[in-house]
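Visitor: run_4.txt (compact mmCIF, N, CA and C atoms and all ligand atoms) pasted underneath:
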# COMPACT_ATOMS: atom_id res chain seq x y z
N MET O 137 25.71 55.23 152.09
CA MET O 137 27.08 54.71 152.18
C MET O 137 27.51 54.23 150.81
N PHE O 138 28.71 54.58 150.43
CA PHE O 138 29.27 54.18 149.15
C PHE O 138 29.70 52.72 149.20
N ALA O 139 29.34 51.96 148.19
CA ALA O 139 29.72 50.54 148.16
C ALA O 139 30.38 50.24 146.83
N LEU O 140 31.51 49.53 146.91
CA LEU O 140 32.21 49.12 145.70
C LEU O 140 31.69 47.78 145.25
N PRO O 141 31.60 47.58 143.92
CA PRO O 141 31.25 46.25 143.44
C PRO O 141 32.33 45.25 143.85
N ARG O 142 31.93 44.02 144.11
CA ARG O 142 32.85 42.98 144.56
C ARG O 142 34.06 42.86 143.63
N ARG O 143 33.84 42.93 142.32
CA ARG O 143 34.95 42.78 141.37
C ARG O 143 36.00 43.88 141.57
N THR O 144 35.57 45.11 141.82
CA THR O 144 36.50 46.22 142.04
C THR O 144 37.34 45.97 143.28
N VAL O 145 36.71 45.47 144.32
CA VAL O 145 37.43 45.20 145.56
C VAL O 145 38.47 44.12 145.34
N LEU O 146 38.12 43.07 144.60
CA LEU O 146 39.06 41.99 144.36
C LEU O 146 40.24 42.46 143.52
N ILE O 147 40.00 43.29 142.51
CA ILE O 147 41.09 43.81 141.69
C ILE O 147 42.00 44.69 142.55
N GLY O 148 41.42 45.50 143.41
CA GLY O 148 42.21 46.34 144.30
C GLY O 148 43.07 45.51 145.23
N ALA O 149 42.52 44.42 145.73
CA ALA O 149 43.28 43.55 146.64
C ALA O 149 44.45 42.91 145.91
N ALA O 150 44.29 42.58 144.63
CA ALA O 150 45.37 41.96 143.88
C ALA O 150 46.50 42.94 143.64
N VAL O 151 46.22 44.22 143.59
CA VAL O 151 47.24 45.24 143.34
C VAL O 151 47.95 45.64 144.62
N ALA O 152 47.30 45.49 145.78
CA ALA O 152 47.83 45.99 147.04
C ALA O 152 49.25 45.56 147.36
N PRO O 153 49.68 44.30 147.13
CA PRO O 153 51.04 43.93 147.50
C PRO O 153 52.12 44.69 146.75
N ILE O 154 51.80 45.29 145.60
CA ILE O 154 52.81 46.03 144.85
C ILE O 154 53.18 47.30 145.58
N ALA O 155 52.23 48.02 146.10
CA ALA O 155 52.49 49.24 146.85
C ALA O 155 51.36 49.43 147.83
N ALA O 156 51.64 49.20 149.07
CA ALA O 156 50.61 49.33 150.10
C ALA O 156 50.78 50.65 150.83
N CYS O 157 49.71 51.09 151.44
CA CYS O 157 49.73 52.37 152.15
C CYS O 157 50.03 52.14 153.63
N ASN O 158 51.01 52.85 154.14
CA ASN O 158 51.30 52.82 155.56
C ASN O 158 50.37 53.82 156.22
N THR O 159 49.41 53.34 156.98
CA THR O 159 48.42 54.23 157.56
C THR O 159 48.99 55.14 158.63
N ASN O 160 50.17 54.80 159.15
CA ASN O 160 50.78 55.67 160.16
C ASN O 160 51.37 56.92 159.52
N THR O 161 52.00 56.75 158.36
CA THR O 161 52.69 57.87 157.74
C THR O 161 51.98 58.38 156.51
N GLY O 162 51.06 57.61 155.97
CA GLY O 162 50.39 57.98 154.74
C GLY O 162 51.25 57.74 153.52
N GLU O 163 52.45 57.21 153.71
CA GLU O 163 53.35 56.96 152.59
C GLU O 163 53.13 55.56 152.04
N LEU O 164 53.35 55.44 150.76
CA LEU O 164 53.31 54.11 150.18
C LEU O 164 54.59 53.38 150.55
N THR O 165 54.45 52.13 150.87
CA THR O 165 55.62 51.32 151.16
C THR O 165 56.01 50.60 149.89
N ALA O 166 57.29 50.52 149.64
CA ALA O 166 57.77 49.90 148.42
C ALA O 166 57.57 48.39 148.48
N ALA O 167 57.50 47.78 147.32
CA ALA O 167 57.42 46.34 147.26
C ALA O 167 58.67 45.75 147.88
N PRO O 168 58.56 44.60 148.54
CA PRO O 168 59.72 44.02 149.18
C PRO O 168 60.76 43.59 148.15
N THR O 169 62.01 43.70 148.53
CA THR O 169 63.05 43.21 147.65
C THR O 169 63.07 41.70 147.70
N THR O 170 63.49 41.08 146.65
CA THR O 170 63.55 39.62 146.62
C THR O 170 64.94 39.17 147.03
N THR O 171 65.03 37.93 147.44
CA THR O 171 66.32 37.38 147.81
C THR O 171 66.73 36.36 146.77
N ALA O 172 68.01 36.28 146.54
CA ALA O 172 68.56 35.30 145.60
C ALA O 172 69.23 34.20 146.40
N PRO O 173 69.13 32.94 145.94
CA PRO O 173 69.80 31.84 146.67
C PRO O 173 71.29 32.16 146.86
N GLY O 174 71.76 31.97 148.08
CA GLY O 174 73.15 32.23 148.41
C GLY O 174 73.40 33.65 148.88
N GLN O 175 72.40 34.50 148.76
CA GLN O 175 72.55 35.89 149.21
C GLN O 175 72.69 35.94 150.72
N VAL O 176 73.72 36.62 151.19
CA VAL O 176 73.91 36.78 152.63
C VAL O 176 72.87 37.78 153.13
N LEU O 177 72.08 37.34 154.12
CA LEU O 177 71.05 38.21 154.69
C LEU O 177 71.53 38.90 155.95
N ALA O 178 72.29 38.19 156.76
CA ALA O 178 72.78 38.77 158.01
C ALA O 178 73.83 37.85 158.61
N ALA O 179 74.66 38.41 159.45
CA ALA O 179 75.56 37.60 160.26
C ALA O 179 74.74 36.96 161.37
N THR O 180 75.01 35.71 161.66
CA THR O 180 74.25 35.04 162.72
C THR O 180 74.35 35.81 164.04
N ALA O 181 75.49 36.42 164.28
CA ALA O 181 75.70 37.17 165.53
C ALA O 181 74.82 38.41 165.62
N ASP O 182 74.30 38.86 164.47
CA ASP O 182 73.47 40.07 164.47
C ASP O 182 71.99 39.78 164.70
N ILE O 183 71.62 38.49 164.79
CA ILE O 183 70.22 38.12 165.01
C ILE O 183 70.10 37.61 166.43
N PRO O 184 69.50 38.39 167.32
CA PRO O 184 69.41 37.99 168.72
C PRO O 184 68.51 36.75 168.91
N VAL O 185 68.87 35.91 169.85
CA VAL O 185 68.01 34.79 170.21
C VAL O 185 66.71 35.34 170.80
N GLY O 186 65.59 34.78 170.32
CA GLY O 186 64.30 35.23 170.81
C GLY O 186 63.84 36.54 170.21
N SER O 187 64.46 36.93 169.09
CA SER O 187 64.08 38.17 168.44
C SER O 187 64.40 38.04 166.95
N GLY O 188 64.62 39.14 166.29
CA GLY O 188 64.91 39.11 164.87
C GLY O 188 65.31 40.46 164.36
N LYS O 189 65.48 40.51 163.02
CA LYS O 189 65.95 41.75 162.40
C LYS O 189 65.39 41.82 161.00
N VAL O 190 64.92 43.01 160.61
CA VAL O 190 64.46 43.21 159.24
C VAL O 190 65.67 43.58 158.40
N VAL O 191 65.87 42.83 157.33
CA VAL O 191 66.98 43.07 156.41
C VAL O 191 66.38 43.25 155.02
N GLY O 192 66.32 44.48 154.55
CA GLY O 192 65.69 44.75 153.26
C GLY O 192 64.24 44.30 153.28
N GLY O 193 63.88 43.42 152.37
CA GLY O 193 62.51 42.94 152.30
C GLY O 193 62.29 41.64 153.04
N THR O 194 63.25 41.26 153.89
CA THR O 194 63.17 39.99 154.60
C THR O 194 63.34 40.24 156.09
N VAL O 195 62.62 39.47 156.89
CA VAL O 195 62.85 39.51 158.33
C VAL O 195 63.43 38.17 158.74
N VAL O 196 64.58 38.22 159.41
CA VAL O 196 65.28 37.01 159.86
C VAL O 196 65.10 36.90 161.36
N THR O 197 64.71 35.72 161.83
CA THR O 197 64.49 35.53 163.26
C THR O 197 65.36 34.37 163.77
N GLN O 198 65.55 34.37 165.09
CA GLN O 198 66.23 33.25 165.75
C GLN O 198 65.38 32.87 166.98
N PRO O 199 64.34 32.04 166.76
CA PRO O 199 63.45 31.70 167.87
C PRO O 199 64.13 30.89 168.98
N LYS O 200 65.10 30.06 168.60
CA LYS O 200 65.85 29.28 169.58
C LYS O 200 67.33 29.40 169.21
N PRO O 201 68.23 29.19 170.14
CA PRO O 201 69.65 29.31 169.82
C PRO O 201 70.02 28.42 168.63
N GLY O 202 70.59 29.03 167.61
CA GLY O 202 71.06 28.28 166.44
C GLY O 202 69.99 27.95 165.41
N VAL O 203 68.73 28.31 165.68
CA VAL O 203 67.64 28.06 164.73
C VAL O 203 67.25 29.39 164.09
N PHE O 204 67.43 29.48 162.78
CA PHE O 204 67.13 30.72 162.07
C PHE O 204 65.99 30.49 161.10
N GLU O 205 65.09 31.46 161.06
CA GLU O 205 63.97 31.42 160.12
C GLU O 205 63.90 32.78 159.45
N ALA O 206 63.24 32.83 158.30
CA ALA O 206 63.10 34.11 157.60
C ALA O 206 61.76 34.15 156.88
N PHE O 207 61.27 35.37 156.71
CA PHE O 207 59.96 35.59 156.10
C PHE O 207 60.01 36.86 155.27
N VAL O 208 59.12 36.94 154.30
CA VAL O 208 58.94 38.20 153.59
C VAL O 208 58.44 39.20 154.61
N ALA O 209 59.09 40.36 154.67
CA ALA O 209 58.75 41.36 155.70
C ALA O 209 57.54 42.18 155.27
N ARG O 210 56.49 41.50 154.91
CA ARG O 210 55.28 42.16 154.40
C ARG O 210 54.09 41.57 155.14
N CYS O 211 53.34 42.40 155.83
CA CYS O 211 52.18 41.93 156.57
C CYS O 211 51.17 41.30 155.64
N THR O 212 50.59 40.21 156.06
CA THR O 212 49.63 39.49 155.23
C THR O 212 48.22 40.07 155.32
N HIS O 213 48.04 41.10 156.13
CA HIS O 213 46.71 41.73 156.20
C HIS O 213 46.49 42.64 155.01
N ALA O 214 47.24 43.71 154.89
CA ALA O 214 47.05 44.65 153.78
C ALA O 214 48.37 45.06 153.15
N GLY O 215 49.45 44.35 153.48
CA GLY O 215 50.69 44.53 152.75
C GLY O 215 51.68 45.53 153.30
N CYS O 216 51.48 46.07 154.48
CA CYS O 216 52.47 46.99 155.03
C CYS O 216 53.77 46.26 155.33
N LYS O 217 54.85 46.98 155.17
CA LYS O 217 56.16 46.38 155.43
C LYS O 217 56.43 46.38 156.93
N LEU O 218 56.90 45.24 157.42
CA LEU O 218 57.36 45.18 158.80
C LEU O 218 58.70 45.90 158.80
N THR O 219 58.80 46.92 159.62
CA THR O 219 60.00 47.74 159.61
C THR O 219 60.71 47.66 160.94
N VAL O 220 61.97 48.02 160.93
CA VAL O 220 62.70 48.08 162.19
C VAL O 220 62.16 49.26 162.96
N GLY O 221 61.70 49.02 164.16
CA GLY O 221 61.12 50.10 164.94
C GLY O 221 61.42 49.91 166.40
N ALA O 222 60.97 50.85 167.16
CA ALA O 222 61.18 50.80 168.59
C ALA O 222 60.40 49.64 169.19
N ALA O 223 60.94 49.10 170.26
CA ALA O 223 60.23 48.05 170.97
C ALA O 223 58.95 48.62 171.55
N GLY O 224 57.96 47.80 171.64
CA GLY O 224 56.72 48.28 172.22
C GLY O 224 55.54 47.54 171.66
N PRO O 225 54.36 48.10 171.86
CA PRO O 225 53.15 47.42 171.42
C PRO O 225 53.03 47.40 169.90
N ALA O 226 51.97 46.79 169.43
CA ALA O 226 51.80 46.56 168.00
C ALA O 226 51.88 47.82 167.17
N THR O 227 51.50 48.94 167.72
CA THR O 227 51.46 50.15 166.90
C THR O 227 52.84 50.68 166.57
N SER O 228 53.89 50.17 167.20
CA SER O 228 55.22 50.71 166.93
C SER O 228 55.84 50.11 165.69
N GLY O 229 55.43 48.93 165.28
CA GLY O 229 56.04 48.30 164.12
C GLY O 229 57.38 47.70 164.48
N GLY O 230 57.87 46.83 163.60
CA GLY O 230 59.19 46.28 163.78
C GLY O 230 59.22 45.00 164.58
N VAL O 231 60.42 44.65 165.02
CA VAL O 231 60.65 43.41 165.74
C VAL O 231 60.84 43.72 167.21
N THR O 232 60.05 43.10 168.04
CA THR O 232 60.29 43.18 169.47
C THR O 232 60.56 41.75 169.94
N ASP O 233 61.06 41.61 171.14
CA ASP O 233 61.38 40.28 171.62
C ASP O 233 60.16 39.38 171.49
N GLY O 234 60.34 38.29 170.77
CA GLY O 234 59.30 37.28 170.67
C GLY O 234 58.23 37.53 169.65
N MET O 235 58.25 38.67 168.99
CA MET O 235 57.19 38.91 168.00
C MET O 235 57.60 39.94 166.96
N LEU O 236 56.86 39.89 165.84
CA LEU O 236 57.05 40.83 164.74
C LEU O 236 55.78 41.67 164.68
N ASN O 237 55.93 42.97 164.57
CA ASN O 237 54.79 43.87 164.64
C ASN O 237 54.56 44.59 163.33
N CYS O 238 53.29 44.77 162.98
CA CYS O 238 52.94 45.56 161.81
C CYS O 238 52.53 46.95 162.28
N PRO O 239 53.09 48.00 161.68
CA PRO O 239 52.77 49.36 162.12
C PRO O 239 51.41 49.86 161.67
N CYS O 240 50.77 49.16 160.73
CA CYS O 240 49.56 49.73 160.13
C CYS O 240 48.30 49.50 160.95
N HIS O 241 47.99 48.25 161.27
CA HIS O 241 46.73 47.97 161.96
C HIS O 241 46.93 47.07 163.18
N GLY O 242 48.17 46.87 163.58
CA GLY O 242 48.43 46.19 164.84
C GLY O 242 48.57 44.69 164.80
N SER O 243 48.68 44.09 163.63
CA SER O 243 48.89 42.63 163.61
C SER O 243 50.23 42.29 164.24
N GLN O 244 50.27 41.13 164.86
CA GLN O 244 51.50 40.65 165.45
C GLN O 244 51.72 39.21 165.02
N PHE O 245 52.99 38.88 164.76
CA PHE O 245 53.37 37.55 164.30
C PHE O 245 54.45 37.01 165.22
N GLY O 246 54.43 35.70 165.41
CA GLY O 246 55.49 35.06 166.18
C GLY O 246 56.76 34.98 165.37
N LEU O 247 57.84 34.59 166.02
CA LEU O 247 59.12 34.47 165.33
C LEU O 247 59.10 33.33 164.32
N ASP O 248 58.05 32.50 164.38
CA ASP O 248 57.86 31.44 163.39
C ASP O 248 56.91 31.88 162.28
N GLY O 249 56.53 33.15 162.28
CA GLY O 249 55.66 33.70 161.23
C GLY O 249 54.18 33.52 161.47
N GLU O 250 53.80 32.78 162.52
CA GLU O 250 52.37 32.55 162.78
C GLU O 250 51.71 33.82 163.33
N VAL O 251 50.44 33.97 163.03
CA VAL O 251 49.69 35.13 163.51
C VAL O 251 49.44 34.99 165.01
N LEU O 252 49.83 36.01 165.77
CA LEU O 252 49.55 36.05 167.20
C LEU O 252 48.36 36.94 167.49
N ARG O 253 48.19 37.96 166.62
CA ARG O 253 47.10 38.92 166.80
C ARG O 253 46.72 39.51 165.45
N GLY O 254 45.44 39.60 165.18
CA GLY O 254 44.93 40.13 163.92
C GLY O 254 44.98 41.64 163.90
N PRO O 255 44.49 42.18 162.81
CA PRO O 255 43.54 41.59 161.87
C PRO O 255 44.11 40.59 160.86
N ALA O 256 45.42 40.46 160.72
CA ALA O 256 45.96 39.46 159.80
C ALA O 256 45.50 38.07 160.24
N VAL O 257 45.22 37.20 159.28
CA VAL O 257 44.82 35.83 159.60
C VAL O 257 45.76 34.81 158.96
N THR O 258 46.61 35.27 158.05
CA THR O 258 47.50 34.38 157.32
C THR O 258 48.93 34.56 157.83
N PRO O 259 49.63 33.45 158.07
CA PRO O 259 51.03 33.56 158.52
C PRO O 259 51.89 34.29 157.49
N LEU O 260 53.04 34.79 157.95
CA LEU O 260 53.99 35.43 157.04
C LEU O 260 54.51 34.41 156.04
N THR O 261 54.91 34.91 154.88
CA THR O 261 55.42 34.04 153.82
C THR O 261 56.87 33.65 154.13
N PRO O 262 57.15 32.35 154.26
CA PRO O 262 58.51 31.95 154.61
C PRO O 262 59.50 32.16 153.48
N VAL O 263 60.74 32.42 153.85
CA VAL O 263 61.86 32.51 152.92
C VAL O 263 62.86 31.45 153.38
N ALA O 264 63.28 30.58 152.48
CA ALA O 264 64.23 29.52 152.85
C ALA O 264 65.59 30.14 153.17
N VAL O 265 66.14 29.75 154.31
CA VAL O 265 67.47 30.23 154.69
C VAL O 265 68.27 29.07 155.29
N LYS O 266 69.57 29.25 155.30
CA LYS O 266 70.46 28.29 155.95
C LYS O 266 71.65 29.05 156.52
N VAL O 267 72.31 28.41 157.45
CA VAL O 267 73.52 29.01 158.02
C VAL O 267 74.70 28.52 157.22
N GLN O 268 75.50 29.46 156.77
CA GLN O 268 76.71 29.15 156.01
C GLN O 268 77.86 29.90 156.67
N GLY O 269 78.71 29.17 157.36
CA GLY O 269 79.76 29.82 158.13
C GLY O 269 79.14 30.63 159.25
N ALA O 270 79.42 31.92 159.25
CA ALA O 270 78.88 32.80 160.29
C ALA O 270 77.72 33.62 159.79
N ASP O 271 77.17 33.25 158.62
CA ASP O 271 76.10 34.05 158.02
C ASP O 271 74.81 33.24 157.84
N VAL O 272 73.71 33.98 157.81
CA VAL O 272 72.41 33.42 157.40
C VAL O 272 72.26 33.80 155.94
N VAL O 273 72.11 32.80 155.08
CA VAL O 273 72.01 33.05 153.64
C VAL O 273 70.68 32.50 153.12
N ALA O 274 70.21 33.12 152.06
CA ALA O 274 68.98 32.64 151.41
C ALA O 274 69.28 31.35 150.66
N GLY O 275 68.27 30.49 150.63
CA GLY O 275 68.40 29.28 149.81
C GLY O 275 68.16 28.01 150.56
FE1 LIG O 301 46.99 45.74 158.46
FE2 LIG O 301 49.45 44.85 158.86
S1 LIG O 301 48.67 45.75 157.07
S2 LIG O 301 47.82 44.86 160.24
Would you write out, as structure tokens, the structure that this file holds?

Guide:
Amino acid sequence: MFALPRRTVLIGAAVAPIAACNTNTGELTAAPTTTAPGQVLAATADIPVGSGKVVGGTVVTQPKPGVFEAFVARCTHAGCKLTVGAAGPATSGGVTDGMLNCPCHGSQFGLDGEVLRGPAVTPLTPVAVKVQGADVVAG
């Protein structure tokens, strides 16, 4: 069996967030886009209660009426992008009611970014957001 030296594995892990491989499609997923303070991410009306929506490199959720949260739409296991996908089990990817799914290895996250199912063990990276008028904005 081929074994990589520990140093090689660590260097590879540090590079992974720049371009990760989507094991479903074999395509590299692009690095997530960043948000700027004040940037409009979505209209509040477009984020369903008890669900969420992926907007560029950010996933915006509304776990309770009027409570909005956002996270970098990048799985903390191996860096696959959480994408908008069909509702269903973990293998479908995207946002389903009550959870965020990773299409690569089946991790699931709650609307608060916490890990519900591995292999990911680290919560999603939060993005600060606030409601401004009828919009959810970064900052
Ligand atoms: Fe492996 Fe998401 S990258 S579960």

Visitor: For ligand LIG 301 (chain O), return the neighbouring residues as an MDAnalysis selection string (distance at most 6.5 Å; only N, CA and C atoms and all ligand atoms).

Guide: chainID O and resid 211:216 238:244 254:256

Visitor: Would you work out the distance separating atom CA of Leu177 of chain O from atom N of Thr258 of chain O, expressed in Å to one decimal?

Guide: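 Taking atom CA of Leu177 of chain O as the start and atom N of Thr258 of chain O as the end point, the length is 24.8 Å.
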
Visitor: Quick one: residues within 8 Å of Ala274 of chain O, only C-alpha atoms, excluding same-chain residues fewer than 4 positions away - as an NGL selection string?

Guide: :O and (171-177 or 263-266)

Visitor: Report, in Å to a single decimal, how far apart atom N of Val257 of chain O and atom CA of Gln198 of chain O are.

Guide: 22.3 Å

Visitor: I'd like the interatomic distance between atom C of Lys217 of chain O and atom CA of Gly186 of chain O, to a tenth of an Å.

Guide: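 Between atom C of Lys217 of chain O and atom CA of Gly186 of chain O the gap is 19.5 Å.
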
Visitor: So which residues fall inside 7 Å of (57.4, 34.0, 165.7) if we count all atoms listed in the file? Mind giving them as a VMD selection string?

Guide: chain O and resid 199 234 to 236 245 to 250

Visitor: Hey, which of O:Gly193, O:Gly269, O:Pro262, O:Gly275 ends up closest to Ala179 of chain O? Count all atoms listed in the file.

Guide: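 With all atoms listed in the file as the atom set, the closest residue is O:Gly269.
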
Visitor: Between O:Leu218, O:Lys189, O:Thr170, O:Gln268, which has the minimum distance to Gly202 of chain O (counting only C-alpha atoms)?

Guide: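 Nearest to Gly202 of chain O: O:Gln268.
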
Visitor: Show me as a ChimeraX atom specification the residues that reach within 6 Å of (66.1, 32.5, 158.5), counting only C-alpha atoms and using the file's own coordinates.

Guide: /O:196-197,204-206,265
